[in-house]
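Participant: My structure file structure-v4.cif, mmCIF, C-alpha atoms, is below:
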```
data_model
#
loop_
_atom_site.group_PDB
_atom_site.id
_atom_site.type_symbol
_atom_site.label_atom_id
_atom_site.label_comp_id
_atom_site.auth_asym_id
_atom_site.auth_seq_id
_atom_site.Cartn_x
_atom_site.Cartn_y
_atom_site.Cartn_z
ATOM 1 C CA MET A 53 -115.259 0.642 -96.566
ATOM 2 C CA ILE A 54 -118.405 2.709 -96.135
ATOM 3 C CA GLU A 55 -117.548 4.799 -99.194
ATOM 4 C CA ALA A 56 -116.990 1.600 -101.192
ATOM 5 C CA ALA A 57 -120.393 0.283 -100.062
ATOM 6 C CA LEU A 58 -122.162 3.514 -101.058
ATOM 7 C CA ALA A 59 -120.347 3.682 -104.411
ATOM 8 C CA THR A 60 -121.098 0.044 -105.226
ATOM 9 C CA ILE A 61 -124.799 0.405 -104.411
ATOM 10 C CA ASP A 62 -124.952 3.630 -106.419
ATOM 11 C CA ASP A 63 -123.360 1.937 -109.437
ATOM 12 C CA VAL A 64 -125.104 -1.447 -109.523
ATOM 13 C CA GLY A 65 -128.017 -1.217 -107.072
ATOM 14 C CA LEU A 66 -128.422 -2.751 -103.654
ATOM 15 C CA TYR A 67 -129.318 -6.276 -104.752
ATOM 16 C CA ARG A 68 -126.270 -6.595 -107.009
ATOM 17 C CA ALA A 69 -123.903 -4.979 -104.506
ATOM 18 C CA SER A 70 -122.504 -8.227 -103.174
ATOM 19 C CA SER A 71 -120.226 -8.415 -100.190
ATOM 20 C CA ASN A 72 -117.363 -9.470 -102.450
ATOM 21 C CA GLU A 73 -117.924 -6.565 -104.861
ATOM 22 C CA ILE A 74 -117.941 -4.062 -102.009
ATOM 23 C CA ALA A 75 -114.740 -5.608 -100.671
ATOM 24 C CA ARG A 76 -113.123 -5.517 -104.120
ATOM 25 C CA ARG A 77 -113.900 -1.821 -104.517
ATOM 26 C CA ALA A 78 -112.557 -1.138 -101.039
ATOM 27 C CA GLY A 79 -109.346 -2.951 -101.944
ATOM 28 C CA LEU A 80 -109.874 -5.427 -99.101
ATOM 29 C CA THR A 81 -111.139 -8.914 -98.530
ATOM 30 C CA TRP A 82 -114.639 -9.495 -97.222
ATOM 31 C CA GLY A 83 -113.053 -11.108 -94.169
ATOM 32 C CA VAL A 84 -111.380 -7.811 -93.241
ATOM 33 C CA ILE A 85 -114.660 -5.928 -93.627
ATOM 34 C CA GLN A 86 -116.514 -8.587 -91.672
ATOM 35 C CA ARG A 87 -114.044 -8.271 -88.795
ATOM 36 C CA GLN A 88 -114.706 -4.517 -88.761
ATOM 37 C CA PHE A 89 -118.516 -4.606 -89.022
ATOM 38 C CA GLY A 90 -119.517 -8.174 -88.249
ATOM 39 C CA SER A 91 -122.116 -8.566 -90.999
ATOM 40 C CA ARG A 92 -123.384 -7.111 -94.273
ATOM 41 C CA GLU A 93 -126.368 -5.697 -92.364
ATOM 42 C CA ALA A 94 -124.045 -3.822 -90.004
ATOM 43 C CA LEU A 95 -122.034 -2.449 -92.945
ATOM 44 C CA LEU A 96 -125.225 -1.262 -94.674
ATOM 45 C CA LEU A 97 -126.457 0.284 -91.441
ATOM 46 C CA ALA A 98 -123.123 2.110 -91.030
ATOM 47 C CA ALA A 99 -123.424 3.368 -94.612
ATOM 48 C CA PHE A 100 -126.935 4.646 -93.863
ATOM 49 C CA GLU A 101 -125.709 6.310 -90.667
ATOM 50 C CA SER A 102 -122.964 8.000 -92.677
ATOM 51 C CA GLU A 103 -125.545 9.399 -95.072
ATOM 52 C CA TRP A 104 -127.820 10.355 -92.160
ATOM 53 C CA THR A 105 -125.045 12.533 -90.702
ATOM 54 C CA LYS A 106 -124.993 14.451 -94.009
ATOM 55 C CA LEU A 107 -128.699 15.171 -93.530
ATOM 56 C CA ILE A 108 -128.053 16.464 -90.014
ATOM 57 C CA GLU A 109 -125.205 18.649 -91.272
ATOM 58 C CA MET A 110 -127.547 20.025 -93.934
ATOM 59 C CA ALA A 111 -130.235 20.684 -91.313
ATOM 60 C CA HIS A 112 -127.770 22.841 -89.352
ATOM 61 C CA SER A 113 -126.892 25.006 -92.355
ATOM 62 C CA PRO A 114 -127.365 28.734 -91.780
ATOM 63 C CA ILE A 115 -130.226 30.459 -93.588
ATOM 64 C CA ILE A 116 -128.715 33.711 -94.852
ATOM 65 C CA GLY A 117 -130.661 36.704 -96.141
ATOM 66 C CA ASP A 118 -132.509 39.815 -95.052
ATOM 67 C CA THR A 119 -135.434 39.429 -97.443
ATOM 68 C CA ILE A 120 -137.926 36.631 -98.028
ATOM 69 C CA GLU A 121 -136.458 36.065 -101.475
ATOM 70 C CA GLU A 122 -132.902 35.789 -100.185
ATOM 71 C CA ARG A 123 -133.870 33.326 -97.451
ATOM 72 C CA VAL A 124 -135.995 31.171 -99.761
ATOM 73 C CA ARG A 125 -133.188 31.066 -102.337
ATOM 74 C CA CYS A 126 -130.658 30.190 -99.641
ATOM 75 C CA PHE A 127 -132.972 27.429 -98.401
ATOM 76 C CA HIS A 128 -133.353 26.180 -101.966
ATOM 77 C CA GLN A 129 -129.594 25.965 -102.478
ATOM 78 C CA ILE A 130 -129.184 24.000 -99.244
ATOM 79 C CA LEU A 131 -131.898 21.511 -100.212
ATOM 80 C CA ARG A 132 -130.704 21.312 -103.798
ATOM 81 C CA SER A 133 -127.152 20.437 -102.816
ATOM 82 C CA HIS A 134 -128.400 17.677 -100.495
ATOM 83 C CA TYR A 135 -131.283 16.122 -102.431
ATOM 84 C CA SER A 136 -129.424 16.169 -105.754
ATOM 85 C CA ARG A 137 -126.699 13.884 -104.392
ATOM 86 C CA SER A 138 -126.760 10.267 -105.573
ATOM 87 C CA GLU A 139 -125.685 9.165 -102.068
ATOM 88 C CA TYR A 140 -129.033 10.354 -100.721
ATOM 89 C CA TYR A 141 -130.828 7.855 -102.968
ATOM 90 C CA THR A 142 -128.362 5.142 -102.033
ATOM 91 C CA GLY A 143 -129.315 5.764 -98.401
ATOM 92 C CA ILE A 144 -132.994 5.407 -99.331
ATOM 93 C CA GLN A 145 -132.276 2.054 -100.999
ATOM 94 C CA ILE A 146 -130.462 0.842 -97.905
ATOM 95 C CA VAL A 147 -133.061 1.852 -95.345
ATOM 96 C CA SER A 148 -135.942 0.657 -97.511
ATOM 97 C CA ASN A 149 -134.302 -2.741 -97.918
ATOM 98 C CA LEU A 150 -133.426 -3.075 -94.236
ATOM 99 C CA ARG A 151 -136.992 -2.185 -93.199
ATOM 100 C CA LYS A 152 -138.534 -4.761 -95.553
ATOM 101 C CA ASP A 153 -136.041 -7.554 -94.951
ATOM 102 C CA PRO A 154 -137.496 -9.989 -92.371
ATOM 103 C CA LYS A 155 -133.934 -10.894 -91.359
ATOM 104 C CA THR A 156 -133.078 -7.357 -90.256
ATOM 105 C CA SER A 157 -132.418 -7.291 -86.526
ATOM 106 C CA ALA A 158 -134.726 -5.492 -84.119
ATOM 107 C CA ALA A 159 -131.780 -3.362 -82.970
ATOM 108 C CA ALA A 160 -131.119 -2.179 -86.533
ATOM 109 C CA LEU A 161 -134.783 -1.315 -87.083
ATOM 110 C CA GLU A 162 -134.902 0.577 -83.795
ATOM 111 C CA LEU A 163 -131.809 2.579 -84.753
ATOM 112 C CA ILE A 164 -133.305 3.442 -88.155
ATOM 113 C CA GLU A 165 -136.521 4.601 -86.473
ATOM 114 C CA THR A 166 -134.576 6.735 -83.989
ATOM 115 C CA MET A 167 -132.513 8.368 -86.737
ATOM 116 C CA THR A 168 -135.574 9.005 -88.903
ATOM 117 C CA THR A 169 -137.461 10.615 -86.013
ATOM 118 C CA ARG A 170 -134.512 12.788 -85.018
ATOM 119 C CA SER A 171 -133.926 13.940 -88.597
ATOM 120 C CA ALA A 172 -137.556 15.111 -88.840
ATOM 121 C CA GLY A 173 -136.962 17.330 -85.815
ATOM 122 C CA PHE A 174 -133.750 18.766 -87.227
ATOM 123 C CA LEU A 175 -135.429 19.508 -90.559
ATOM 124 C CA SER A 176 -138.294 21.270 -88.771
ATOM 125 C CA GLY A 177 -135.710 23.543 -87.159
ATOM 126 C CA LEU A 178 -134.172 24.324 -90.536
ATOM 127 C CA ARG A 179 -137.568 25.154 -92.028
ATOM 128 C CA GLU A 180 -138.495 27.421 -89.125
ATOM 129 C CA ARG A 181 -135.453 29.592 -89.821
ATOM 130 C CA VAL A 182 -136.581 30.381 -93.366
ATOM 131 C CA LEU A 183 -139.545 32.616 -92.473
ATOM 132 C CA PRO A 184 -139.226 33.170 -88.712
ATOM 133 C CA ASP A 185 -141.413 36.292 -88.589
ATOM 134 C CA HIS A 186 -143.908 35.247 -91.240
ATOM 135 C CA PRO A 187 -147.510 34.911 -89.980
ATOM 136 C CA ASN A 188 -147.890 31.588 -91.783
ATOM 137 C CA GLY A 189 -144.269 30.551 -91.270
ATOM 138 C CA PRO A 190 -144.589 26.867 -90.305
ATOM 139 C CA GLU A 191 -147.206 25.998 -92.937
ATOM 140 C CA LEU A 192 -145.559 28.026 -95.685
ATOM 141 C CA THR A 193 -142.034 26.783 -95.043
ATOM 142 C CA SER A 194 -143.331 23.206 -95.054
ATOM 143 C CA LEU A 195 -144.855 23.886 -98.476
ATOM 144 C CA ILE A 196 -141.565 25.386 -99.683
ATOM 145 C CA PHE A 197 -139.551 22.488 -98.253
ATOM 146 C CA PHE A 198 -141.666 19.749 -99.817
ATOM 147 C CA ALA A 199 -141.966 21.546 -103.167
ATOM 148 C CA ILE A 200 -138.196 21.955 -103.470
ATOM 149 C CA ARG A 201 -137.335 18.514 -102.101
ATOM 150 C CA ASP A 202 -139.875 16.740 -104.267
ATOM 151 C CA PHE A 203 -138.735 18.624 -107.364
ATOM 152 C CA HIS A 204 -135.204 17.292 -106.911
ATOM 153 C CA ILE A 205 -136.393 13.797 -106.018
ATOM 154 C CA GLY A 206 -138.593 13.802 -109.128
ATOM 155 C CA THR A 207 -135.682 14.944 -111.265
ATOM 156 C CA HIS A 208 -133.553 12.089 -109.910
ATOM 157 C CA VAL A 209 -136.300 9.526 -110.521
ATOM 158 C CA GLU A 210 -136.744 10.855 -114.047
ATOM 159 C CA ALA A 211 -133.009 10.457 -114.680
ATOM 160 C CA ALA A 212 -133.074 6.890 -113.352
ATOM 161 C CA MET A 213 -136.094 5.854 -115.426
ATOM 162 C CA ASN A 214 -135.226 7.412 -118.773
ATOM 163 C CA LEU A 215 -132.623 6.536 -121.310
ATOM 164 C CA ALA A 216 -129.564 8.747 -121.046
ATOM 165 C CA GLU A 217 -130.283 10.570 -124.313
ATOM 166 C CA VAL A 218 -133.872 11.287 -123.258
ATOM 167 C CA TYR A 219 -132.717 12.662 -119.924
ATOM 168 C CA GLU A 220 -130.062 14.825 -121.580
ATOM 169 C CA ARG A 221 -132.752 16.459 -123.699
ATOM 170 C CA ARG A 222 -134.794 17.118 -120.546
ATOM 171 C CA ARG A 223 -131.855 18.446 -118.528
ATOM 172 C CA ALA A 224 -131.993 21.827 -120.281
ATOM 173 C CA ASP A 225 -135.596 22.257 -119.123
ATOM 174 C CA HIS A 226 -134.812 21.557 -115.469
ATOM 175 C CA ALA A 227 -133.041 24.854 -114.761
ATOM 176 C CA SER A 228 -135.921 26.922 -116.123
ATOM 177 C CA GLU A 229 -138.517 24.748 -114.354
ATOM 178 C CA GLU A 230 -136.560 25.089 -111.124
ATOM 179 C CA GLU A 231 -136.506 28.883 -111.465
ATOM 180 C CA VAL A 232 -140.263 28.979 -112.117
ATOM 181 C CA LEU A 233 -140.801 26.889 -108.972
ATOM 182 C CA ILE A 234 -138.605 29.077 -106.775
ATOM 183 C CA ASN A 235 -140.086 32.318 -108.109
ATOM 184 C CA GLY A 236 -143.579 30.952 -107.496
ATOM 185 C CA LEU A 237 -142.769 30.022 -103.912
ATOM 186 C CA ILE A 238 -141.166 33.420 -103.269
ATOM 187 C CA ASP A 239 -144.217 35.149 -104.739
ATOM 188 C CA ILE A 240 -146.583 33.167 -102.483
ATOM 189 C CA ALA A 241 -144.507 34.009 -99.393
ATOM 190 C CA GLN A 242 -144.267 37.709 -100.257
ATOM 191 C CA ARG A 243 -147.990 38.040 -101.024
ATOM 192 C CA GLN A 244 -148.995 36.378 -97.767
ATOM 193 C CA SER A 245 -146.577 38.585 -95.857
ATOM 194 C CA GLU A 246 -147.965 41.744 -97.480
ATOM 195 C CA THR A 247 -151.567 40.638 -96.835
ATOM 196 C CA SER A 248 -150.867 40.061 -93.141
ATOM 197 C CA GLN A 249 -149.187 43.473 -92.820
ATOM 198 C CA GLU A 250 -152.210 45.173 -94.371
ATOM 199 C CA ASN A 251 -154.487 43.474 -91.873
#
```
Kindly return the structure encoded in the file as structure tokens.
Facilitator:
Amino acid sequence: MIEAALATIDDVGLYRASSNEIARRAGLTWGVIQRQFGSREALLLAAFESEWTKLIEMAHSPIIGDTIEERVRCFHQILRSHYSRSEYYTGIQIVSNLRKDPKTSAAALELIETMTTRSAGFLSGLRERVLPDHPNGPELTSLIFFAIRDFHIGTHVEAAMNLAEVYERRRADHASEEEVLINGLIDIAQRQSETSQEN
């Protein structure tokens, strides 16, 4: 049922993902889903929670590598695999809608706030493992995190806003742009590390 909700929202958007369409894709009646979750809000919240657990799993991924370059590239692959997923953006649609909807229950809003706060802590832990011995570790890994994450979010937004043929022409550029970004971040980290060692 949760997978059907996520798939429906991904395909047609949150506002067109009716209860009946979600039920149809799940191969059930809305009555069956309603007995399980109680309301559309509860189903959407469960779908967001499902996506939130993926974020927590990602935040517990091991950072592998002996060198700065290896760890930054490992970090990049972890973020890329998570933030390139369409389900991530479906989760954003859900939580954004629930937060803005005046009919959303206080309990649902409190749960969203709790999950969002906890995920920030988990992501901080992931970032800290990228450059644990670097003199500017926290600041630099935050820069690396946001640069990589925002690159993939921007790529997704570009895909959503452009015609398919326009995006296909741009897709070839993304790999080279991504490599330039990663190499630039690695270079910044290595230079700062060398400067601190000299001092």
Participant: Would you translate the PyMOL selection byres ((chain A and resi 60) around 12) into the concrete set of residues it matches in this file, as an mmCIF file with C-alpha atoms, in the coordinates of the input?
Facilitator:
```cif
data_model
loop_
_atom_site.group_PDB
_atom_site.id
_atom_site.type_symbol
_atom_site.label_atom_id
_atom_site.label_comp_id
_atom_site.auth_asym_id
_atom_site.auth_seq_id
_atom_site.Cartn_x
_atom_site.Cartn_y
_atom_site.Cartn_z
ATOM 1 C CA MET A 53 -115.259 0.642 -96.566
ATOM 2 C CA ILE A 54 -118.405 2.709 -96.135
ATOM 3 C CA GLU A 55 -117.548 4.799 -99.194
ATOM 4 C CA ALA A 56 -116.990 1.600 -101.192
ATOM 5 C CA ALA A 57 -120.393 0.283 -100.062
ATOM 6 C CA LEU A 58 -122.162 3.514 -101.058
ATOM 7 C CA ALA A 59 -120.347 3.682 -104.411
ATOM 8 C CA ILE A 61 -124.799 0.405 -104.411
ATOM 9 C CA ASP A 62 -124.952 3.630 -106.419
ATOM 10 C CA ASP A 63 -123.360 1.937 -109.437
ATOM 11 C CA VAL A 64 -125.104 -1.447 -109.523
ATOM 12 C CA GLY A 65 -128.017 -1.217 -107.072
ATOM 13 C CA LEU A 66 -128.422 -2.751 -103.654
ATOM 14 C CA TYR A 67 -129.318 -6.276 -104.752
ATOM 15 C CA ARG A 68 -126.270 -6.595 -107.009
ATOM 16 C CA ALA A 69 -123.903 -4.979 -104.506
ATOM 17 C CA SER A 70 -122.504 -8.227 -103.174
ATOM 18 C CA SER A 71 -120.226 -8.415 -100.190
ATOM 19 C CA ASN A 72 -117.363 -9.470 -102.450
ATOM 20 C CA GLU A 73 -117.924 -6.565 -104.861
ATOM 21 C CA ILE A 74 -117.941 -4.062 -102.009
ATOM 22 C CA ALA A 75 -114.740 -5.608 -100.671
ATOM 23 C CA ARG A 76 -113.123 -5.517 -104.120
ATOM 24 C CA ARG A 77 -113.900 -1.821 -104.517
ATOM 25 C CA ALA A 78 -112.557 -1.138 -101.039
ATOM 26 C CA LEU A 96 -125.225 -1.262 -94.674
ATOM 27 C CA ALA A 99 -123.424 3.368 -94.612
ATOM 28 C CA SER A 138 -126.760 10.267 -105.573
ATOM 29 C CA GLU A 139 -125.685 9.165 -102.068
ATOM 30 C CA THR A 142 -128.362 5.142 -102.033
ATOM 31 C CA ILE A 146 -130.462 0.842 -97.905
#
```
Participant: Evaluating the PyMOL selection byres ((chain A and resi 238-241) around 9) on the displayed file yields which residues, as a VMD selection string?
Facilitator: chain A and resid 120 to 121 124 to 125 183 186 188 to 189 192 to 193 196 233 to 237 242 to 246
Participant: I'd like the contact shell of region 166-175 of chain A - 9 Å cut-off, only C-alpha atoms, skipping same-chain residues fewer than 3 positions apart - returned as a PyMOL selection string.
Facilitator: chain A and resi 101+104+107-108+110-112+161-163+178-180
Participant: Could you check how far CA of Arg137 (chain A) sits from CA of Glu217 (chain A), in Å to one decimal?
Facilitator: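 Atom-to-atom, CA of Arg137 (chain A) to CA of Glu217 (chain A), that is 20.5 Å.
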Participant: Within 7 Å of His204 (chain A), counting only C-alpha atoms, which residues show up once you throw out same-chain ones fewer than 5 positions away? Write them as a PyMOL selection string, please.
Facilitator: chain A and resi 132+135-136
Participant: Which residue out of A:His128, A:Asp202, A:Gly143, A:Gln86 has the minimum interatomic distance to Thr105 (chain A) when all atoms listed in the file are used?
Facilitator: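 With all atoms listed in the file as the atom set, the closest residue is A:Gly143.
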Participant: For the atom pair CA of Gln88 (chain A) and CA of Leu150 (chain A), what is the interatomic distance in Å to one decimal place?
Facilitator: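 Value for the CA of Gln88 (chain A)-CA of Leu150 (chain A) distance: 19.6 Å.
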Participant: Using Å and a single decimal, report how far CA of Glu93 (chain A) sits from CA of Ser157 (chain A).
Facilitator: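 Result for CA of Ser157 (chain A) versus CA of Glu93 (chain A): 8.6 Å, one decimal.
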Participant: Nearest residue to Leu95 (chain A) out of A:Glu165, A:Ala160, A:Ser113, A:Ala224, using only C-alpha atoms?
Facilitator: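 Comparing A:Glu165, A:Ala160, A:Ser113, A:Ala224 against Leu95 (chain A), the winner is A:Ala160.
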Participant: For region 115-143 of chain A, supply N, CA and C atoms and report the output as a short mmCIF file (atom, residue, chain, number, x, y, z; two decimals), in the frame of the given file.
Facilitator:
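File written: rebuild20.cif
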```cif
data_model
loop_
_atom_site.label_atom_id
_atom_site.label_comp_id
_atom_site.auth_asym_id
_atom_site.auth_seq_id
_atom_site.Cartn_x
_atom_site.Cartn_y
_atom_site.Cartn_z
N ILE A 115 -129.36 29.83 -92.59
CA ILE A 115 -130.23 30.46 -93.59
C ILE A 115 -129.83 31.93 -93.63
N ILE A 116 -129.27 32.36 -94.74
CA ILE A 116 -128.72 33.71 -94.85
C ILE A 116 -129.62 34.55 -95.75
N GLY A 117 -129.88 35.78 -95.31
CA GLY A 117 -130.66 36.70 -96.14
C GLY A 117 -131.53 37.60 -95.30
N ASP A 118 -131.67 38.84 -95.75
CA ASP A 118 -132.51 39.82 -95.05
C ASP A 118 -133.93 39.84 -95.59
N THR A 119 -134.10 39.40 -96.83
CA THR A 119 -135.43 39.43 -97.44
C THR A 119 -135.98 38.01 -97.56
N ILE A 120 -137.30 37.93 -97.80
CA ILE A 120 -137.93 36.63 -98.03
C ILE A 120 -137.27 35.93 -99.21
N GLU A 121 -137.05 36.68 -100.28
CA GLU A 121 -136.46 36.06 -101.48
C GLU A 121 -135.08 35.50 -101.18
N GLU A 122 -134.26 36.26 -100.49
CA GLU A 122 -132.90 35.79 -100.18
C GLU A 122 -132.93 34.53 -99.32
N ARG A 123 -133.82 34.49 -98.33
CA ARG A 123 -133.87 33.33 -97.45
C ARG A 123 -134.42 32.09 -98.17
N VAL A 124 -135.45 32.30 -99.01
CA VAL A 124 -136.00 31.17 -99.76
C VAL A 124 -134.95 30.63 -100.74
N ARG A 125 -134.23 31.52 -101.39
CA ARG A 125 -133.19 31.07 -102.34
C ARG A 125 -132.04 30.36 -101.61
N CYS A 126 -131.69 30.86 -100.44
CA CYS A 126 -130.66 30.19 -99.64
C CYS A 126 -131.13 28.79 -99.24
N PHE A 127 -132.37 28.70 -98.78
CA PHE A 127 -132.97 27.43 -98.40
C PHE A 127 -132.97 26.47 -99.59
N HIS A 128 -133.34 26.99 -100.75
CA HIS A 128 -133.35 26.18 -101.97
C HIS A 128 -131.98 25.62 -102.28
N GLN A 129 -130.95 26.44 -102.17
CA GLN A 129 -129.59 25.96 -102.48
C GLN A 129 -129.15 24.87 -101.51
N ILE A 130 -129.52 25.02 -100.25
CA ILE A 130 -129.18 24.00 -99.24
C ILE A 130 -129.86 22.68 -99.59
N LEU A 131 -131.16 22.73 -99.88
CA LEU A 131 -131.90 21.51 -100.21
C LEU A 131 -131.41 20.92 -101.53
N ARG A 132 -131.17 21.78 -102.50
CA ARG A 132 -130.70 21.31 -103.80
C ARG A 132 -129.40 20.54 -103.68
N SER A 133 -128.46 21.10 -102.92
CA SER A 133 -127.15 20.44 -102.82
C SER A 133 -127.27 19.08 -102.11
N HIS A 134 -128.23 18.95 -101.21
CA HIS A 134 -128.40 17.68 -100.50
C HIS A 134 -129.21 16.67 -101.31
N TYR A 135 -130.38 17.07 -101.78
CA TYR A 135 -131.28 16.12 -102.43
C TYR A 135 -130.91 15.81 -103.88
N SER A 136 -129.91 16.50 -104.41
CA SER A 136 -129.42 16.17 -105.75
C SER A 136 -128.29 15.15 -105.72
N ARG A 137 -127.82 14.81 -104.53
CA ARG A 137 -126.70 13.88 -104.39
C ARG A 137 -127.17 12.44 -104.59
N SER A 138 -126.39 11.67 -105.36
CA SER A 138 -126.76 10.27 -105.57
C SER A 138 -126.68 9.47 -104.28
N GLU A 139 -125.80 9.88 -103.34
CA GLU A 139 -125.68 9.16 -102.07
C GLU A 139 -126.98 9.19 -101.27
N TYR A 140 -127.75 10.27 -101.42
CA TYR A 140 -129.03 10.35 -100.72
C TYR A 140 -129.94 9.19 -101.15
N TYR A 141 -129.97 8.91 -102.44
CA TYR A 141 -130.83 7.86 -102.97
C TYR A 141 -130.27 6.47 -102.63
N THR A 142 -128.96 6.39 -102.50
CA THR A 142 -128.36 5.14 -102.03
C THR A 142 -128.82 4.87 -100.60
N GLY A 143 -128.83 5.91 -99.78
CA GLY A 143 -129.32 5.76 -98.40
C GLY A 143 -130.76 5.31 -98.36
#
```
